[in-house]
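To be precise, the following lines are target03.txt, and they hold compact mmCIF, N, CA and C atoms.
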```txt
# COMPACT_ATOMS: atom_id res chain seq x y z
N MET C 237 101.47 -172.89 -106.39
CA MET C 237 101.80 -173.35 -105.06
C MET C 237 102.42 -172.22 -104.26
N THR C 238 102.26 -172.31 -102.98
CA THR C 238 102.84 -171.31 -102.10
C THR C 238 104.21 -171.78 -101.65
N GLU C 239 104.94 -170.87 -101.04
CA GLU C 239 106.26 -171.24 -100.49
C GLU C 239 106.12 -172.29 -99.42
N GLN C 240 105.04 -172.21 -98.64
CA GLN C 240 104.79 -173.19 -97.58
C GLN C 240 104.60 -174.58 -98.19
N THR C 241 103.83 -174.66 -99.27
CA THR C 241 103.58 -175.94 -99.93
C THR C 241 104.88 -176.49 -100.49
N ASP C 242 105.69 -175.65 -101.14
CA ASP C 242 106.97 -176.09 -101.67
C ASP C 242 107.85 -176.65 -100.56
N TYR C 243 107.88 -175.97 -99.44
CA TYR C 243 108.71 -176.41 -98.32
C TYR C 243 108.26 -177.79 -97.83
N ILE C 244 106.96 -177.98 -97.71
CA ILE C 244 106.43 -179.26 -97.24
C ILE C 244 106.78 -180.37 -98.23
N LEU C 245 106.63 -180.10 -99.52
CA LEU C 245 106.97 -181.11 -100.53
C LEU C 245 108.45 -181.48 -100.46
N GLU C 246 109.31 -180.48 -100.38
CA GLU C 246 110.75 -180.73 -100.33
C GLU C 246 111.14 -181.48 -99.06
N LYS C 247 110.44 -181.20 -97.97
CA LYS C 247 110.73 -181.86 -96.70
C LYS C 247 110.29 -183.33 -96.72
N GLU C 248 109.14 -183.61 -97.33
CA GLU C 248 108.59 -184.96 -97.30
C GLU C 248 109.06 -185.85 -98.44
N PHE C 249 109.47 -185.28 -99.55
CA PHE C 249 109.85 -186.08 -100.71
C PHE C 249 111.26 -185.73 -101.14
N ASN C 250 112.03 -186.77 -101.48
CA ASN C 250 113.39 -186.58 -101.96
C ASN C 250 113.38 -186.64 -103.48
N PHE C 251 113.66 -185.53 -104.12
CA PHE C 251 113.66 -185.47 -105.57
C PHE C 251 115.06 -185.60 -106.17
N ASP C 252 116.05 -185.99 -105.37
CA ASP C 252 117.42 -186.09 -105.85
C ASP C 252 117.57 -187.10 -106.98
N LYS C 253 116.80 -188.17 -106.94
CA LYS C 253 116.93 -189.21 -107.96
C LYS C 253 115.79 -189.17 -108.97
N ALA C 254 115.10 -188.05 -109.02
CA ALA C 254 113.98 -187.92 -109.96
C ALA C 254 114.50 -187.94 -111.40
N VAL C 255 113.72 -188.55 -112.28
CA VAL C 255 114.09 -188.60 -113.70
C VAL C 255 112.98 -187.93 -114.51
N LYS C 256 113.37 -187.41 -115.64
CA LYS C 256 112.41 -186.76 -116.53
C LYS C 256 111.46 -187.82 -117.09
N ASN C 257 110.20 -187.47 -117.22
CA ASN C 257 109.19 -188.37 -117.76
C ASN C 257 109.53 -188.73 -119.20
N PRO C 258 109.82 -190.01 -119.49
CA PRO C 258 110.18 -190.39 -120.86
C PRO C 258 109.00 -190.31 -121.83
N TYR C 259 107.79 -190.21 -121.30
CA TYR C 259 106.61 -190.14 -122.14
C TYR C 259 106.12 -188.71 -122.33
N ALA C 260 106.88 -187.74 -121.86
CA ALA C 260 106.45 -186.33 -121.91
C ALA C 260 106.16 -185.89 -123.34
N LYS C 261 106.91 -186.40 -124.31
CA LYS C 261 106.67 -186.00 -125.69
C LYS C 261 105.35 -186.56 -126.22
N GLU C 262 104.81 -187.57 -125.55
CA GLU C 262 103.56 -188.19 -125.96
C GLU C 262 102.34 -187.57 -125.29
N LEU C 263 102.54 -186.55 -124.46
CA LEU C 263 101.41 -185.93 -123.80
C LEU C 263 100.46 -185.33 -124.83
N LYS C 264 99.19 -185.36 -124.53
CA LYS C 264 98.19 -184.86 -125.47
C LYS C 264 98.18 -183.34 -125.49
N LYS C 265 97.80 -182.81 -126.62
CA LYS C 265 97.70 -181.37 -126.79
C LYS C 265 96.24 -181.02 -127.04
N GLN C 266 95.73 -180.07 -126.30
CA GLN C 266 94.35 -179.65 -126.46
C GLN C 266 94.22 -178.77 -127.69
N ILE C 267 93.21 -179.07 -128.52
CA ILE C 267 92.92 -178.27 -129.71
C ILE C 267 91.42 -178.02 -129.79
N THR C 268 91.05 -177.13 -130.68
CA THR C 268 89.64 -176.92 -130.99
C THR C 268 89.41 -177.55 -132.35
N LEU C 269 88.38 -178.38 -132.43
CA LEU C 269 88.10 -179.10 -133.66
C LEU C 269 86.60 -179.04 -133.93
N LYS C 270 86.24 -178.62 -135.12
CA LYS C 270 84.82 -178.57 -135.48
C LYS C 270 84.43 -179.91 -136.08
N VAL C 271 83.42 -180.54 -135.45
CA VAL C 271 82.96 -181.87 -135.85
C VAL C 271 81.44 -181.82 -135.99
N THR C 272 80.93 -182.49 -137.00
CA THR C 272 79.48 -182.49 -137.20
C THR C 272 78.79 -183.24 -136.07
N PRO C 273 77.57 -182.84 -135.76
CA PRO C 273 76.84 -183.48 -134.66
C PRO C 273 76.70 -184.99 -134.80
N CYS C 274 76.52 -185.49 -136.03
CA CYS C 274 76.35 -186.93 -136.21
C CYS C 274 77.62 -187.70 -135.83
N VAL C 275 78.77 -187.08 -136.05
CA VAL C 275 80.04 -187.73 -135.66
C VAL C 275 80.14 -187.78 -134.14
N ILE C 276 79.80 -186.69 -133.49
CA ILE C 276 79.85 -186.66 -132.03
C ILE C 276 78.87 -187.68 -131.44
N GLU C 277 77.67 -187.73 -131.98
CA GLU C 277 76.67 -188.68 -131.48
C GLU C 277 77.14 -190.12 -131.68
N TYR C 278 77.77 -190.39 -132.82
CA TYR C 278 78.29 -191.74 -133.06
C TYR C 278 79.30 -192.13 -132.00
N PHE C 279 80.27 -191.27 -131.75
CA PHE C 279 81.30 -191.59 -130.76
C PHE C 279 80.74 -191.61 -129.34
N LYS C 280 79.75 -190.78 -129.07
CA LYS C 280 79.12 -190.82 -127.74
C LYS C 280 78.36 -192.13 -127.54
N SER C 281 77.70 -192.63 -128.58
CA SER C 281 77.01 -193.91 -128.45
C SER C 281 78.01 -195.05 -128.29
N GLU C 282 79.14 -194.97 -128.99
CA GLU C 282 80.20 -195.96 -128.83
C GLU C 282 80.79 -195.88 -127.42
N ALA C 283 80.85 -194.68 -126.88
CA ALA C 283 81.37 -194.49 -125.52
C ALA C 283 80.46 -195.19 -124.52
N LEU C 284 79.16 -195.06 -124.70
CA LEU C 284 78.22 -195.74 -123.81
C LEU C 284 78.37 -197.26 -123.92
N ARG C 285 78.55 -197.74 -125.14
CA ARG C 285 78.66 -199.18 -125.39
C ARG C 285 79.95 -199.75 -124.80
N THR C 286 81.05 -199.01 -124.94
CA THR C 286 82.36 -199.52 -124.53
C THR C 286 82.78 -199.11 -123.14
N GLY C 287 82.19 -198.02 -122.62
CA GLY C 287 82.62 -197.50 -121.33
C GLY C 287 83.88 -196.65 -121.42
N ILE C 288 84.25 -196.28 -122.64
CA ILE C 288 85.43 -195.44 -122.87
C ILE C 288 84.94 -194.04 -123.25
N PRO C 289 85.47 -192.98 -122.65
CA PRO C 289 85.02 -191.62 -122.98
C PRO C 289 85.11 -191.35 -124.49
N TYR C 290 84.12 -190.62 -125.02
CA TYR C 290 84.06 -190.42 -126.46
C TYR C 290 85.27 -189.69 -127.02
N GLN C 291 85.84 -188.76 -126.26
CA GLN C 291 87.03 -188.05 -126.75
C GLN C 291 88.22 -189.00 -126.84
N THR C 292 88.29 -189.94 -125.91
CA THR C 292 89.36 -190.95 -125.95
C THR C 292 89.16 -191.84 -127.17
N LEU C 293 87.92 -192.21 -127.46
CA LEU C 293 87.64 -193.04 -128.64
C LEU C 293 88.05 -192.33 -129.93
N ILE C 294 87.75 -191.04 -130.02
CA ILE C 294 88.14 -190.28 -131.21
C ILE C 294 89.66 -190.28 -131.33
N ASN C 295 90.35 -190.05 -130.22
CA ASN C 295 91.81 -190.04 -130.24
C ASN C 295 92.36 -191.42 -130.63
N LEU C 296 91.76 -192.49 -130.09
CA LEU C 296 92.21 -193.85 -130.43
C LEU C 296 92.01 -194.13 -131.92
N TYR C 297 90.89 -193.69 -132.46
CA TYR C 297 90.63 -193.91 -133.88
C TYR C 297 91.66 -193.15 -134.74
N LEU C 298 91.89 -191.91 -134.41
CA LEU C 298 92.86 -191.12 -135.18
C LEU C 298 94.28 -191.67 -135.02
N THR C 299 94.61 -192.14 -133.82
CA THR C 299 95.92 -192.75 -133.58
C THR C 299 96.08 -194.00 -134.44
N ASP C 300 95.02 -194.80 -134.54
CA ASP C 300 95.05 -195.99 -135.39
C ASP C 300 95.29 -195.61 -136.85
N CYS C 301 94.67 -194.53 -137.30
CA CYS C 301 94.90 -194.05 -138.67
C CYS C 301 96.36 -193.70 -138.89
N VAL C 302 96.95 -193.03 -137.91
CA VAL C 302 98.36 -192.63 -138.02
C VAL C 302 99.27 -193.87 -138.03
N LYS C 303 99.04 -194.79 -137.08
CA LYS C 303 99.89 -195.98 -136.98
C LYS C 303 99.82 -196.84 -138.24
N ASN C 304 98.65 -196.92 -138.85
CA ASN C 304 98.47 -197.74 -140.05
C ASN C 304 98.65 -196.95 -141.34
N LYS C 305 99.07 -195.69 -141.19
CA LYS C 305 99.34 -194.81 -142.33
C LYS C 305 98.18 -194.81 -143.34
N ARG C 306 96.96 -194.71 -142.80
CA ARG C 306 95.79 -194.67 -143.68
C ARG C 306 95.83 -193.36 -144.47
N GLN C 307 95.61 -193.49 -145.76
CA GLN C 307 95.57 -192.31 -146.61
C GLN C 307 94.11 -191.95 -146.87
N ILE C 308 93.84 -190.68 -146.87
CA ILE C 308 92.49 -190.20 -147.10
C ILE C 308 92.16 -190.35 -148.58
N ASP C 309 91.04 -191.00 -148.86
CA ASP C 309 90.62 -191.22 -150.24
C ASP C 309 89.23 -190.59 -150.40
N ILE C 310 89.23 -189.31 -150.65
CA ILE C 310 87.98 -188.55 -150.79
C ILE C 310 88.00 -187.82 -152.12
N GLU C 311 86.91 -187.93 -152.83
CA GLU C 311 86.78 -187.19 -154.08
C GLU C 311 85.74 -186.09 -153.88
N TRP C 312 86.18 -184.86 -153.88
CA TRP C 312 85.28 -183.72 -153.68
C TRP C 312 84.53 -183.46 -154.96
N LYS C 313 83.25 -183.23 -154.85
CA LYS C 313 82.42 -182.92 -156.02
C LYS C 313 81.89 -181.50 -155.84
N ALA C 314 81.92 -180.76 -156.92
CA ALA C 314 81.40 -179.39 -156.87
C ALA C 314 79.89 -179.44 -156.68
N ASP C 315 79.38 -178.52 -155.90
CA ASP C 315 77.94 -178.42 -155.65
C ASP C 315 77.27 -177.94 -156.93
N ALA C 316 76.35 -178.72 -157.46
CA ALA C 316 75.68 -178.38 -158.72
C ALA C 316 74.84 -177.12 -158.60
N SER C 317 74.37 -176.80 -157.38
CA SER C 317 73.52 -175.62 -157.20
C SER C 317 74.32 -174.33 -157.07
N ALA C 318 75.63 -174.46 -156.95
CA ALA C 318 76.46 -173.26 -156.73
C ALA C 318 76.70 -172.50 -158.02
```

structure tokens encoding of this file:
Amino acid sequence: MTEQTDYILEKEFNFDKAVKNPYAKELKKQITLKVTPCVIEYFKSEALRTGIPYQTLINLYLTDCVKNKRQIDIEWKADASA
């Protein structure tokens, strides 16, 4: 913002009683995540069906896992051809 913009904001809005956003700690953090194409296609098709953006659906699913304390139950098997 420029000094002119700051001046206009201060002139038009009173920030004396402003409070800190109580949800600031809940703001999303951007990350890079490698996901297989079939996972992306699944969530994109669900996005079309529900009208909810696919990235939001992925976040909602992961949030549900956290809230319900789902534990990952995966058994890794060594590749026989290796």

Helix (DSSP H, G or I) residues, from DSSP on the backbone, in chain C, as a ChimeraX atom specification: /C:239-248,260-262,273-286,290-303

Give me the residues near region 263-278 of chain C as a list in words, where near means some atom within 10 Å (using only C-alpha atoms) and where sequence neighbours in that chain fewer than 3 positions away do not count. Tyr259, Ala260, Ser281, Glu282, Ala283, Tyr290, Gln291, Ile294 and Asn295 of chain C

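One distance worth recording is that between CA of Leu298 (chain C) and atom N of Asn257 (chain C), which is 25.2 Å.
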
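Atom C of Leu293 (chain C) is found 18.3 Å from CA of Gln307 (chain C).
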
Point-to-point distance in Å for atom N of Lys261 (chain C) and CA of Thr286 (chain C):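 These atoms are spaced 27.8 Å apart.
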
Extract region 272-298 of chain C from the preceding block and save N, CA and C atoms as a CSV table (one decimal), in the first residue's frame.
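And here's part-v7.csv as it stands now:
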```csv
chain,number,residue,atom,x,y,z
C,272,THR,N,-0.7,-38.7,-6.2
C,272,THR,CA,-0.9,-39.5,-7.4
C,272,THR,C,-2.1,-39.0,-8.2
C,273,PRO,N,-2.0,-39.0,-9.5
C,273,PRO,CA,-3.1,-38.5,-10.4
C,273,PRO,C,-4.4,-39.1,-10.1
C,274,CYS,N,-4.5,-40.4,-9.7
C,274,CYS,CA,-5.8,-41.0,-9.4
C,274,CYS,C,-6.5,-40.4,-8.2
C,275,VAL,N,-5.6,-39.9,-7.2
C,275,VAL,CA,-6.2,-39.3,-6.0
C,275,VAL,C,-6.7,-37.9,-6.4
C,276,ILE,N,-6.0,-37.2,-7.2
C,276,ILE,CA,-6.5,-35.9,-7.7
C,276,ILE,C,-7.8,-36.0,-8.5
C,277,GLU,N,-7.8,-37.0,-9.4
C,277,GLU,CA,-9.0,-37.2,-10.2
C,277,GLU,C,-10.2,-37.5,-9.3
C,278,TYR,N,-10.0,-38.3,-8.3
C,278,TYR,CA,-11.1,-38.7,-7.4
C,278,TYR,C,-11.6,-37.5,-6.7
C,279,PHE,N,-10.8,-36.7,-6.1
C,279,PHE,CA,-11.2,-35.5,-5.4
C,279,PHE,C,-11.8,-34.4,-6.4
C,280,LYS,N,-11.3,-34.4,-7.6
C,280,LYS,CA,-11.9,-33.5,-8.6
C,280,LYS,C,-13.3,-33.9,-9.0
C,281,SER,N,-13.5,-35.2,-9.1
C,281,SER,CA,-14.8,-35.7,-9.4
C,281,SER,C,-15.8,-35.5,-8.3
C,282,GLU,N,-15.3,-35.6,-7.1
C,282,GLU,CA,-16.1,-35.3,-5.9
C,282,GLU,C,-16.4,-33.8,-5.8
C,283,ALA,N,-15.5,-33.0,-6.3
C,283,ALA,CA,-15.7,-31.6,-6.3
C,283,ALA,C,-16.8,-31.2,-7.2
C,284,LEU,N,-16.9,-31.9,-8.4
C,284,LEU,CA,-17.9,-31.6,-9.3
C,284,LEU,C,-19.3,-32.1,-8.8
C,285,ARG,N,-19.3,-33.2,-8.1
C,285,ARG,CA,-20.5,-33.7,-7.5
C,285,ARG,C,-21.1,-32.9,-6.4
C,286,THR,N,-20.2,-32.4,-5.5
C,286,THR,CA,-20.6,-31.6,-4.3
C,286,THR,C,-20.6,-30.1,-4.5
C,287,GLY,N,-19.9,-29.6,-5.5
C,287,GLY,CA,-19.8,-28.2,-5.7
C,287,GLY,C,-18.7,-27.5,-4.7
C,288,ILE,N,-17.9,-28.4,-4.1
C,288,ILE,CA,-16.9,-27.9,-3.2
C,288,ILE,C,-15.5,-28.1,-3.9
C,289,PRO,N,-14.7,-27.0,-3.9
C,289,PRO,CA,-13.4,-27.2,-4.6
C,289,PRO,C,-12.6,-28.4,-4.1
C,290,TYR,N,-11.9,-29.0,-5.0
C,290,TYR,CA,-11.2,-30.3,-4.6
C,290,TYR,C,-10.2,-30.1,-3.5
C,291,GLN,N,-9.5,-29.0,-3.5
C,291,GLN,CA,-8.5,-28.8,-2.5
C,291,GLN,C,-9.1,-28.6,-1.1
C,292,THR,N,-10.3,-28.0,-1.1
C,292,THR,CA,-11.1,-27.9,0.2
C,292,THR,C,-11.5,-29.3,0.6
C,293,LEU,N,-11.9,-30.1,-0.3
C,293,LEU,CA,-12.3,-31.5,0.0
C,293,LEU,C,-11.2,-32.3,0.6
C,294,ILE,N,-10.0,-32.1,0.0
C,294,ILE,CA,-8.8,-32.8,0.6
C,294,ILE,C,-8.6,-32.4,2.0
C,295,ASN,N,-8.6,-31.0,2.2
C,295,ASN,CA,-8.4,-30.5,3.5
C,295,ASN,C,-9.5,-31.0,4.5
C,296,LEU,N,-10.7,-31.0,4.1
C,296,LEU,CA,-11.8,-31.5,5.0
C,296,LEU,C,-11.6,-33.0,5.4
C,297,TYR,N,-11.2,-33.8,4.4
C,297,TYR,CA,-10.9,-35.2,4.7
C,297,TYR,C,-9.8,-35.3,5.7
C,298,LEU,N,-8.7,-34.6,5.5
C,298,LEU,CA,-7.5,-34.7,6.4
C,298,LEU,C,-7.9,-34.2,7.8
```
